[in-house]
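Data block for model25.cif (mmCIF, C-alpha atoms and all ligand atoms):
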data_target
loop_
_atom_site.group_PDB
_atom_site.id
_atom_site.type_symbol
_atom_site.label_atom_id
_atom_site.label_comp_id
_atom_site.auth_asym_id
_atom_site.auth_seq_id
_atom_site.Cartn_x
_atom_site.Cartn_y
_atom_site.Cartn_z
ATOM 1 C CA MET A 1 -1.437 143.821 36.307
ATOM 2 C CA ALA A 2 0.550 140.721 37.331
ATOM 3 C CA SER A 3 3.180 141.562 39.961
ATOM 4 C CA LEU A 4 6.698 142.214 38.660
ATOM 5 C CA PRO A 5 9.656 139.974 39.641
ATOM 6 C CA ALA A 6 10.915 141.459 42.903
ATOM 7 C CA GLU A 7 14.637 140.867 42.389
ATOM 8 C CA ALA A 8 14.907 142.031 38.733
ATOM 9 C CA PRO A 9 16.344 145.539 38.208
ATOM 10 C CA ILE A 10 14.556 148.597 36.841
ATOM 11 C CA GLY A 11 16.186 149.977 33.676
ATOM 12 C CA VAL A 12 16.667 153.744 33.327
ATOM 13 C CA PHE A 13 18.053 155.318 30.190
ATOM 14 C CA ASP A 14 19.038 158.696 28.762
ATOM 15 C CA SER A 15 21.350 160.087 26.102
ATOM 16 C CA GLY A 16 23.960 160.894 28.770
ATOM 17 C CA VAL A 17 24.134 162.066 32.381
ATOM 18 C CA GLY A 18 20.731 163.821 32.433
ATOM 19 C CA GLY A 19 18.717 160.752 33.396
ATOM 20 C CA LEU A 20 20.715 160.574 36.628
ATOM 21 C CA THR A 21 18.343 163.258 37.908
ATOM 22 C CA VAL A 22 15.547 160.676 37.541
ATOM 23 C CA PHE A 23 17.730 157.798 38.763
ATOM 24 C CA ARG A 24 18.427 159.726 41.983
ATOM 25 C CA GLU A 25 14.719 160.230 42.718
ATOM 26 C CA ILE A 26 13.839 156.596 41.932
ATOM 27 C CA HIS A 27 16.544 155.499 44.346
ATOM 28 C CA ARG A 28 15.184 157.887 46.998
ATOM 29 C CA ALA A 29 11.639 156.594 46.535
ATOM 30 C CA LEU A 30 12.640 152.916 46.252
ATOM 31 C CA PRO A 31 15.945 152.376 48.070
ATOM 32 C CA GLY A 32 15.548 148.577 47.973
ATOM 33 C CA GLU A 33 15.254 148.328 44.165
ATOM 34 C CA SER A 34 18.202 147.377 41.975
ATOM 35 C CA LEU A 35 18.687 149.831 39.109
ATOM 36 C CA ILE A 36 20.592 149.672 35.822
ATOM 37 C CA TYR A 37 21.348 153.046 34.243
ATOM 38 C CA LEU A 38 22.309 153.379 30.587
ATOM 39 C CA GLY A 39 23.729 156.674 29.267
ATOM 40 C CA ASP A 40 24.186 156.687 25.476
ATOM 41 C CA SER A 41 27.177 159.012 25.783
ATOM 42 C CA ALA A 42 28.532 158.054 22.348
ATOM 43 C CA ARG A 43 25.507 159.635 20.669
ATOM 44 C CA VAL A 44 24.551 162.510 23.007
ATOM 45 C CA PRO A 45 22.812 164.877 22.235
ATOM 46 C CA TYR A 46 19.534 163.326 21.143
ATOM 47 C CA GLY A 47 17.817 166.711 21.154
ATOM 48 C CA THR A 48 19.126 167.834 17.766
ATOM 49 C CA LYS A 49 18.482 164.487 16.008
ATOM 50 C CA SER A 50 15.408 163.601 13.926
ATOM 51 C CA PRO A 51 12.559 161.694 15.636
ATOM 52 C CA GLN A 52 13.323 158.638 13.441
ATOM 53 C CA THR A 53 16.914 158.541 14.684
ATOM 54 C CA VAL A 54 15.838 158.986 18.319
ATOM 55 C CA VAL A 55 13.349 156.094 17.933
ATOM 56 C CA ARG A 56 16.141 153.870 16.570
ATOM 57 C CA TYR A 57 18.564 154.831 19.376
ATOM 58 C CA SER A 58 15.854 154.313 21.999
ATOM 59 C CA LEU A 59 14.985 150.833 20.708
ATOM 60 C CA GLU A 60 18.663 149.887 20.736
ATOM 61 C CA ALA A 61 19.069 151.116 24.329
ATOM 62 C CA ALA A 62 15.863 149.361 25.420
ATOM 63 C CA ASN A 63 16.872 146.067 23.750
ATOM 64 C CA HIS A 64 20.228 146.168 25.482
ATOM 65 C CA LEU A 65 18.563 146.690 28.859
ATOM 66 C CA MET A 66 16.064 143.899 28.133
ATOM 67 C CA GLN A 67 19.002 141.506 27.689
ATOM 68 C CA ARG A 68 20.040 142.440 31.229
ATOM 69 C CA GLY A 69 16.712 141.212 32.580
ATOM 70 C CA ILE A 70 14.995 144.484 33.537
ATOM 71 C CA LYS A 71 11.426 144.280 34.810
ATOM 72 C CA MET A 72 10.474 147.836 33.886
ATOM 73 C CA LEU A 73 11.919 150.625 31.706
ATOM 74 C CA VAL A 74 11.994 154.301 32.656
ATOM 75 C CA VAL A 75 12.733 156.518 29.667
ATOM 76 C CA ALA A 76 14.577 159.216 31.639
ATOM 77 C CA CYS A 77 14.908 161.450 28.599
ATOM 78 C CA ASN A 78 12.216 163.837 27.417
ATOM 79 C CA THR A 79 13.450 163.773 23.819
ATOM 80 C CA ALA A 80 13.244 159.968 23.696
ATOM 81 C CA THR A 81 9.887 160.042 25.504
ATOM 82 C CA ALA A 82 8.488 162.538 22.995
ATOM 83 C CA ALA A 83 9.755 160.580 19.965
ATOM 84 C CA ALA A 84 9.705 156.950 21.025
ATOM 85 C CA LEU A 85 7.443 156.221 24.024
ATOM 86 C CA PRO A 86 4.523 154.667 22.071
ATOM 87 C CA THR A 87 6.933 152.531 19.985
ATOM 88 C CA LEU A 88 8.736 151.336 23.112
ATOM 89 C CA GLN A 89 5.449 150.575 24.863
ATOM 90 C CA GLU A 90 4.217 148.579 21.852
ATOM 91 C CA THR A 91 7.500 146.697 21.413
ATOM 92 C CA LEU A 92 8.547 145.795 24.965
ATOM 93 C CA PRO A 93 6.771 143.118 27.022
ATOM 94 C CA ILE A 94 7.349 145.069 30.282
ATOM 95 C CA PRO A 95 5.946 148.350 31.676
ATOM 96 C CA VAL A 96 7.563 151.409 30.046
ATOM 97 C CA ILE A 97 7.086 154.935 31.369
ATOM 98 C CA GLY A 98 8.401 158.303 30.226
ATOM 99 C CA VAL A 99 8.968 161.664 31.862
ATOM 100 C CA VAL A 100 6.665 164.024 29.929
ATOM 101 C CA GLU A 101 3.323 163.066 31.482
ATOM 102 C CA PRO A 102 4.647 163.270 35.078
ATOM 103 C CA GLY A 103 6.135 166.696 34.226
ATOM 104 C CA ALA A 104 2.845 167.893 32.764
ATOM 105 C CA ARG A 105 0.939 166.717 35.847
ATOM 106 C CA ALA A 106 3.353 168.485 38.180
ATOM 107 C CA ALA A 107 3.042 171.696 36.124
ATOM 108 C CA ILE A 108 -0.757 171.604 36.263
ATOM 109 C CA ALA A 109 -0.598 171.173 40.030
ATOM 110 C CA LYS A 110 1.503 174.351 40.390
ATOM 111 C CA THR A 111 0.500 176.809 37.688
ATOM 112 C CA ARG A 112 -1.822 179.791 37.889
ATOM 113 C CA GLY A 113 -2.307 179.628 34.109
ATOM 114 C CA ARG A 114 0.919 180.324 32.224
ATOM 115 C CA VAL A 115 3.522 177.561 31.911
ATOM 116 C CA GLY A 116 6.940 177.896 30.294
ATOM 117 C CA VAL A 117 8.687 174.735 29.086
ATOM 118 C CA ILE A 118 12.400 174.668 28.336
ATOM 119 C CA ALA A 119 13.498 171.553 26.494
ATOM 120 C CA THR A 120 15.574 170.263 23.600
ATOM 121 C CA GLU A 121 14.796 171.227 20.031
ATOM 122 C CA GLY A 122 13.318 167.756 19.421
ATOM 123 C CA THR A 123 10.968 167.959 22.408
ATOM 124 C CA VAL A 124 9.911 171.523 21.547
ATOM 125 C CA LYS A 125 9.194 170.585 17.917
ATOM 126 C CA SER A 126 7.101 167.610 19.015
ATOM 127 C CA HIS A 127 4.939 169.866 21.259
ATOM 128 C CA ALA A 128 4.792 166.870 23.610
ATOM 129 C CA TYR A 129 4.413 169.129 26.677
ATOM 130 C CA ARG A 130 1.782 171.372 25.153
ATOM 131 C CA LYS A 131 -0.253 168.307 24.190
ATOM 132 C CA ALA A 132 0.183 166.610 27.592
ATOM 133 C CA ILE A 133 -0.722 169.805 29.505
ATOM 134 C CA HIS A 134 -3.725 170.559 27.283
ATOM 135 C CA THR A 135 -5.024 167.011 27.741
ATOM 136 C CA LEU A 136 -5.147 167.784 31.472
ATOM 137 C CA ASP A 137 -6.303 171.414 31.186
ATOM 138 C CA PRO A 138 -6.885 173.101 27.805
ATOM 139 C CA ASN A 139 -7.066 176.554 29.425
ATOM 140 C CA VAL A 140 -3.431 176.677 30.513
ATOM 141 C CA GLU A 141 -1.184 178.735 28.243
ATOM 142 C CA VAL A 142 2.032 176.897 27.300
ATOM 143 C CA LEU A 143 5.172 178.575 25.939
ATOM 144 C CA GLU A 144 7.825 176.123 24.738
ATOM 145 C CA CYS A 145 11.461 177.221 24.190
ATOM 146 C CA ALA A 146 14.515 175.230 23.146
ATOM 147 C CA ALA A 147 17.552 175.531 25.452
ATOM 148 C CA PRO A 148 20.027 173.154 23.771
ATOM 149 C CA LEU A 149 23.241 174.571 25.250
ATOM 150 C CA PHE A 150 22.229 173.421 28.732
ATOM 151 C CA VAL A 151 22.959 169.829 27.634
ATOM 152 C CA PRO A 152 26.707 170.217 26.856
ATOM 153 C CA LEU A 153 27.072 172.484 29.918
ATOM 154 C CA ALA A 154 25.714 169.668 32.107
ATOM 155 C CA GLU A 155 27.803 167.029 30.306
ATOM 156 C CA GLU A 156 30.951 169.164 30.800
ATOM 157 C CA GLY A 157 30.304 169.686 34.502
ATOM 158 C CA TRP A 158 29.873 173.433 33.852
ATOM 159 C CA ALA A 159 26.462 173.775 35.492
ATOM 160 C CA ASN A 160 27.532 176.320 38.099
ATOM 161 C CA THR A 161 29.798 178.559 36.036
ATOM 162 C CA HIS A 162 29.328 182.137 34.856
ATOM 163 C CA VAL A 163 29.051 180.739 31.320
ATOM 164 C CA ALA A 164 26.001 178.689 32.347
ATOM 165 C CA ARG A 165 24.556 181.762 34.061
ATOM 166 C CA GLU A 166 24.871 183.912 30.926
ATOM 167 C CA VAL A 167 23.368 181.195 28.737
ATOM 168 C CA ALA A 168 20.500 180.845 31.226
ATOM 169 C CA GLU A 169 19.836 184.593 31.097
ATOM 170 C CA VAL A 170 19.531 184.512 27.307
ATOM 171 C CA TYR A 171 17.163 181.522 27.341
ATOM 172 C CA LEU A 172 15.032 182.584 30.306
ATOM 173 C CA GLU A 173 14.565 186.321 29.870
ATOM 174 C CA PRO A 174 11.813 185.950 27.214
ATOM 175 C CA LEU A 175 9.905 183.637 29.584
ATOM 176 C CA ILE A 176 10.328 186.062 32.496
ATOM 177 C CA ASP A 177 9.110 188.906 30.253
ATOM 178 C CA ALA A 178 6.124 186.804 29.150
ATOM 179 C CA GLY A 179 5.007 186.450 32.791
ATOM 180 C CA VAL A 180 5.346 182.688 33.001
ATOM 181 C CA ASP A 181 4.452 181.542 36.546
ATOM 182 C CA THR A 182 5.685 177.934 36.311
ATOM 183 C CA LEU A 183 8.786 176.681 34.519
ATOM 184 C CA VAL A 184 9.050 173.038 33.452
ATOM 185 C CA LEU A 185 12.599 171.686 33.151
ATOM 186 C CA GLY A 186 11.587 169.616 30.116
ATOM 187 C CA CYS A 187 14.951 167.919 29.645
ATOM 188 C CA THR A 188 16.425 165.663 32.290
ATOM 189 C CA HIS A 189 19.818 167.350 31.949
ATOM 190 C CA TYR A 190 18.400 170.704 33.097
ATOM 191 C CA PRO A 191 17.893 169.931 36.821
ATOM 192 C CA ILE A 192 21.691 169.667 36.975
ATOM 193 C CA LEU A 193 21.652 173.438 36.257
ATOM 194 C CA ARG A 194 18.743 174.082 38.617
ATOM 195 C CA GLY A 195 20.756 176.309 40.964
ATOM 196 C CA THR A 196 21.839 178.536 38.073
ATOM 197 C CA ILE A 197 18.312 178.612 36.620
ATOM 198 C CA GLU A 198 16.861 179.578 40.015
ATOM 199 C CA LYS A 199 19.329 182.451 40.336
ATOM 200 C CA VAL A 200 18.113 183.851 37.007
ATOM 201 C CA VAL A 201 14.352 183.474 37.519
ATOM 202 C CA GLY A 202 14.387 184.363 41.235
ATOM 203 C CA ASP A 203 11.001 183.740 42.791
ATOM 204 C CA SER A 204 9.111 184.836 39.680
ATOM 205 C CA MET A 205 8.265 181.221 38.811
ATOM 206 C CA ALA A 206 7.783 177.818 40.400
ATOM 207 C CA ILE A 207 10.136 175.231 38.970
ATOM 208 C CA VAL A 208 8.984 171.774 37.914
ATOM 209 C CA ASP A 209 11.396 168.874 37.568
ATOM 210 C CA SER A 210 9.556 165.717 36.540
ATOM 211 C CA ALA A 211 12.032 163.416 38.330
ATOM 212 C CA GLU A 212 10.084 163.283 41.602
ATOM 213 C CA THR A 213 6.689 162.709 39.998
ATOM 214 C CA THR A 214 8.236 160.088 37.701
ATOM 215 C CA ALA A 215 9.730 158.284 40.705
ATOM 216 C CA ALA A 216 6.347 158.306 42.460
ATOM 217 C CA TRP A 217 4.815 156.761 39.340
ATOM 218 C CA VAL A 218 7.500 154.060 39.229
ATOM 219 C CA LYS A 219 6.738 153.286 42.869
ATOM 220 C CA SER A 220 3.030 152.959 42.121
ATOM 221 C CA ILE A 221 3.858 150.345 39.453
ATOM 222 C CA VAL A 222 6.527 148.239 41.184
ATOM 223 C CA GLY A 223 5.196 148.645 44.736
ATOM 224 C CA ASP A 224 7.480 148.034 47.674
ATOM 225 C CA SER A 225 8.305 144.508 46.606
ATOM 226 C CA ALA A 226 12.122 144.608 46.651
ATOM 227 C CA ARG A 227 13.960 142.066 48.739
ATOM 228 C CA GLY A 228 17.657 141.603 49.400
ATOM 229 C CA GLU A 229 20.540 143.909 48.581
ATOM 230 C CA ALA A 230 19.858 146.665 46.014
ATOM 231 C CA GLU A 231 22.541 146.931 43.311
ATOM 232 C CA HIS A 232 23.278 149.882 41.058
ATOM 233 C CA HIS A 233 24.978 149.254 37.755
ATOM 234 C CA PHE A 234 25.916 151.930 35.230
ATOM 235 C CA LEU A 235 26.417 151.438 31.490
ATOM 236 C CA VAL A 236 27.750 153.993 29.003
ATOM 237 C CA THR A 237 28.449 153.811 25.295
ATOM 238 C CA ASP A 238 31.558 156.050 25.443
ATOM 239 C CA ALA A 239 33.829 158.138 27.663
ATOM 240 C CA GLU A 240 33.305 156.192 30.872
ATOM 241 C CA GLU A 241 35.779 158.223 32.955
ATOM 242 C CA ARG A 242 34.007 161.463 32.104
ATOM 243 C CA PHE A 243 30.687 159.854 33.082
ATOM 244 C CA ARG A 244 32.186 158.479 36.294
ATOM 245 C CA LYS A 245 33.354 161.942 37.367
ATOM 246 C CA ILE A 246 30.125 163.804 36.602
ATOM 247 C CA ALA A 247 27.889 161.042 37.987
ATOM 248 C CA ALA A 248 29.953 160.864 41.193
ATOM 249 C CA GLU A 249 29.632 164.640 41.676
ATOM 250 C CA PHE A 250 25.924 164.639 40.963
ATOM 251 C CA LEU A 251 25.028 161.589 43.072
ATOM 252 C CA SER A 252 27.600 162.428 45.782
ATOM 253 C CA ARG A 253 29.037 158.899 45.802
ATOM 254 C CA ASP A 254 31.609 156.777 44.032
ATOM 255 C CA ILE A 255 30.497 155.096 40.822
ATOM 256 C CA GLU A 256 31.927 151.626 41.237
ATOM 257 C CA SER A 257 30.027 149.411 38.860
ATOM 258 C CA LEU A 258 30.511 151.092 35.477
ATOM 259 C CA GLU A 259 30.724 149.286 32.153
ATOM 260 C CA LEU A 260 31.388 150.399 28.581
ATOM 261 C CA VAL A 261 28.922 148.800 26.140
ATOM 262 C CA SER A 262 28.051 149.063 22.481
ATOM 263 C CA LEU A 263 24.403 149.020 21.456
HETATM 264 N N1 LIG B 301 18.234 164.474 28.666
HETATM 265 C C1 LIG B 301 17.530 164.469 27.440
HETATM 266 C C2 LIG B 301 16.136 165.002 27.543
HETATM 267 O O1 LIG B 301 15.539 164.872 28.591
HETATM 268 C C3 LIG B 301 18.200 164.784 26.149
HETATM 269 C C4 LIG B 301 19.333 165.708 26.037
HETATM 270 C C5 LIG B 301 19.962 165.525 24.683
HETATM 271 O O2 LIG B 301 20.547 164.460 24.482
HETATM 272 O O3 LIG B 301 19.820 166.404 23.826
HETATM 273 O O4 LIG B 301 15.578 165.492 26.610
#

Spell out the structure here as structure tokens.
Ligand code: DGL
Amino acid sequence: MASLPAEAPIGVFDSGVGGLTVFREIHRALPGESLIYLGDSARVPYGTKSPQTVVRYSLEAANHLMQRGIKMLVVACNTATAAALPTLQETLPIPVIGVVEPGARAAIAKTRGRVGVIATEGTVKSHAYRKAIHTLDPNVEVLECAAPLFVPLAEEGWANTHVAREVAEVYLEPLIDAGVDTLVLGCTHYPILRGTIEKVVGDSMAIVDSAETTAAWVKSIVGDSARGEAEHHFLVTDAEERFRKIAAEFLSRDIESLELVSL
């Protein structure tokens, strides 16, 4: 592949704050790269929408980021990856990667044979994880469960409350009872609740968050080519002050460059 323009930013998008979990790992892996993050906060959640709607939203987000001169797109949303990755890859003239395949690879590396996947309704219905895991190893058992309430809990900044803990118990007990040994956080919002999830599952399962493996994949594509000062720019489609607060808490830094956009 021809080398990518060193100074152009990498675009990262999600329905809201969830993709920040991926953004953080890309920044850790590639501190010299400029990044533009787009959270479609006006239309979150994507997980309850039809695949057709998620494809339309994803194309709109991608086109907006293309106008900002990105050299690569990371779809930091499992729901959008499951519904729209092939369309985005066919439509955009730049490399586009999603988060499902890196999550599946990380699960295969850890499991002893029984994987649980918690994700949005859209991702669960698509069976994107089951398909990706079975492509790598058809003998692994995959149990997929929707955990939609984790998304508003993360968006509200309620990840570490007793409410989140009770919701986690309801969602996770069937997977604990089923003897799952590895749990995939199949929605990029869920790592924000990782501490709460870990308290509920204890050491009964290994936890997989695809952010790290996705970041390693990004690095393998862009290389270590960045020069100059890395810039981070954040775009949201609504409620920028709410985003600023949650993003600042999650990334442990001030969010200075934040812009409200319409897609
Ligand atoms: N963070 C997204 C995902 O990874 C979607 C959450 C939502 O908007 O429902 O699936």

Selection dump of the PyMOL selection byres (((not hetatm)) within 7 of (chain B and resi 301)), as a PyMOL selection string: chain A and resi 14-16+18-19+44-48+76-80+119-120+123+148+151+186-189

Restrict the selected residues to C-alpha atoms and save them as a PDB file, in the coordinates of the input.
ATOM      1  CA  ASP A  14      19.038 158.696  28.762  1.00  0.00           C
ATOM      2  CA  SER A  15      21.350 160.087  26.102  1.00  0.00           C
ATOM      3  CA  GLY A  16      23.960 160.894  28.770  1.00  0.00           C
ATOM      4  CA  GLY A  18      20.731 163.821  32.433  1.00  0.00           C
ATOM      5  CA  GLY A  19      18.717 160.752  33.396  1.00  0.00           C
ATOM      6  CA  VAL A  44      24.551 162.510  23.007  1.00  0.00           C
ATOM      7  CA  PRO A  45      22.812 164.877  22.235  1.00  0.00           C
ATOM      8  CA  TYR A  46      19.534 163.326  21.143  1.00  0.00           C
ATOM      9  CA  GLY A  47      17.817 166.711  21.154  1.00  0.00           C
ATOM     10  CA  THR A  48      19.126 167.834  17.766  1.00  0.00           C
ATOM     11  CA  ALA A  76      14.577 159.216  31.639  1.00  0.00           C
ATOM     12  CA  CYS A  77      14.908 161.450  28.599  1.00  0.00           C
ATOM     13  CA  ASN A  78      12.216 163.837  27.417  1.00  0.00           C
ATOM     14  CA  THR A  79      13.450 163.773  23.819  1.00  0.00           C
ATOM     15  CA  ALA A  80      13.244 159.968  23.696  1.00  0.00           C
ATOM     16  CA  ALA A 119      13.498 171.553  26.494  1.00  0.00           C
ATOM     17  CA  THR A 120      15.574 170.263  23.600  1.00  0.00           C
ATOM     18  CA  THR A 123      10.968 167.959  22.408  1.00  0.00           C
ATOM     19  CA  PRO A 148      20.027 173.154  23.771  1.00  0.00           C
ATOM     20  CA  VAL A 151      22.959 169.829  27.634  1.00  0.00           C
ATOM     21  CA  GLY A 186      11.587 169.616  30.116  1.00  0.00           C
ATOM     22  CA  CYS A 187      14.951 167.919  29.645  1.00  0.00           C
ATOM     23  CA  THR A 188      16.425 165.663  32.290  1.00  0.00           C
ATOM     24  CA  HIS A 189      19.818 167.350  31.949  1.00  0.00           C
TER      25      HIS A 189
END

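Reported to one decimal place, the separation of CA of Pro102 in chain A from CA of Val75 in chain A is 11.8 Å.
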
6 Å contact set for Val117 in chain A, all atoms listed in the file, chain neighbours under 6 positions out, as a list in words: Glu144, Leu183, Val184 and Gly186 of chain A

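Put simply, CA of Gly157 in chain A is 9.3 Å away from CA of Arg242 in chain A.
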
Selection: 9 Å around Phe13 in chain A, only C-alpha atoms, excl. self and same-chain fewer than 5 positions, as a PyMOL selection string: chain A and resi 19-20+23+36-40+58+61-62+65+73-77

Would you save the residues from that selection as a JSON list (two decimals), in the frame of the given file, using C-alpha atoms?
[["chain", "number", "residue", "atom", "x", "y", "z"],
["A", 19, "GLY", "CA", 18.72, 160.75, 33.40],
["A", 20, "LEU", "CA", 20.72, 160.57, 36.63],
["A", 23, "PHE", "CA", 17.73, 157.80, 38.76],
["A", 36, "ILE", "CA", 20.59, 149.67, 35.82],
["A", 37, "TYR", "CA", 21.35, 153.05, 34.24],
["A", 38, "LEU", "CA", 22.31, 153.38, 30.59],
["A", 39, "GLY", "CA", 23.73, 156.67, 29.27],
["A", 40, "ASP", "CA", 24.19, 156.69, 25.48],
["A", 58, "SER", "CA", 15.85, 154.31, 22.00],
["A", 61, "ALA", "CA", 19.07, 151.12, 24.33],
["A", 62, "ALA", "CA", 15.86, 149.36, 25.42],
["A", 65, "LEU", "CA", 18.56, 146.69, 28.86],
["A", 73, "LEU", "CA", 11.92, 150.62, 31.71],
["A", 74, "VAL", "CA", 11.99, 154.30, 32.66],
["A", 75, "VAL", "CA", 12.73, 156.52, 29.67],
["A", 76, "ALA", "CA", 14.58, 159.22, 31.64],
["A", 77, "CYS", "CA", 14.91, 161.45, 28.60]]

Please identify every residue of range 167-219 of chain A that has at least one atom no farther than 7 Å from an atom of range 24-35 of chain A, counting all atoms listed in the file, and for each give the shortest atom pair and the distance in Å to one decimal, arranged by chain then increasing number, as a tab-separated table.
residue	atom	partner	partner_atom	distance
A:Ala211	CA	A:Glu25	CA	6.1
A:Glu212	CA	A:Glu25	CA	5.7
A:Ala215	CA	A:Ile26	CA	4.6
A:Ala216	CA	A:Ala29	CA	6.9
A:Lys219	CA	A:Leu30	CA	6.8

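You will find CA of Arg112 in chain A at 14.9 Å from CA of Leu175 in chain A.
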
Among the residues A:Glu169, A:Pro86, A:Glu229, A:Glu240, the one that comes closest to Glu7 in chain A [using all atoms listed in the file]: A:Glu229

Top pick for closest residue to Arg56 in chain A, considering A:Ala107, A:Val180, A:Leu263, A:Val96 and counting only C-alpha atoms: A:Leu263

From A:Lys71, A:Arg130, A:His233, A:Arg114, residue lying nearest Ala178 in chain A [only C-alpha atoms]: A:Arg114

Selection result for the PyMOL selection byres (((chain A and resi 125-128) around 8) and not hetatm) on this file, as a PyMOL selection string: chain A and resi 82-83+100+121-124+129-132+144

The PyMOL selection byres (((chain A and resi 165) around 12) and not hetatm) applied to the shown file, residues as a PyMOL selection string: chain A and resi 149-150+153+158-164+166-173+193-201

12 Å contact set for Ser262 in chain A, all atoms listed in the file, chain neighbours under 2 positions out, as a ChimeraX atom specification: /A:38-43,57,60-61,63-65,235-239,259-260
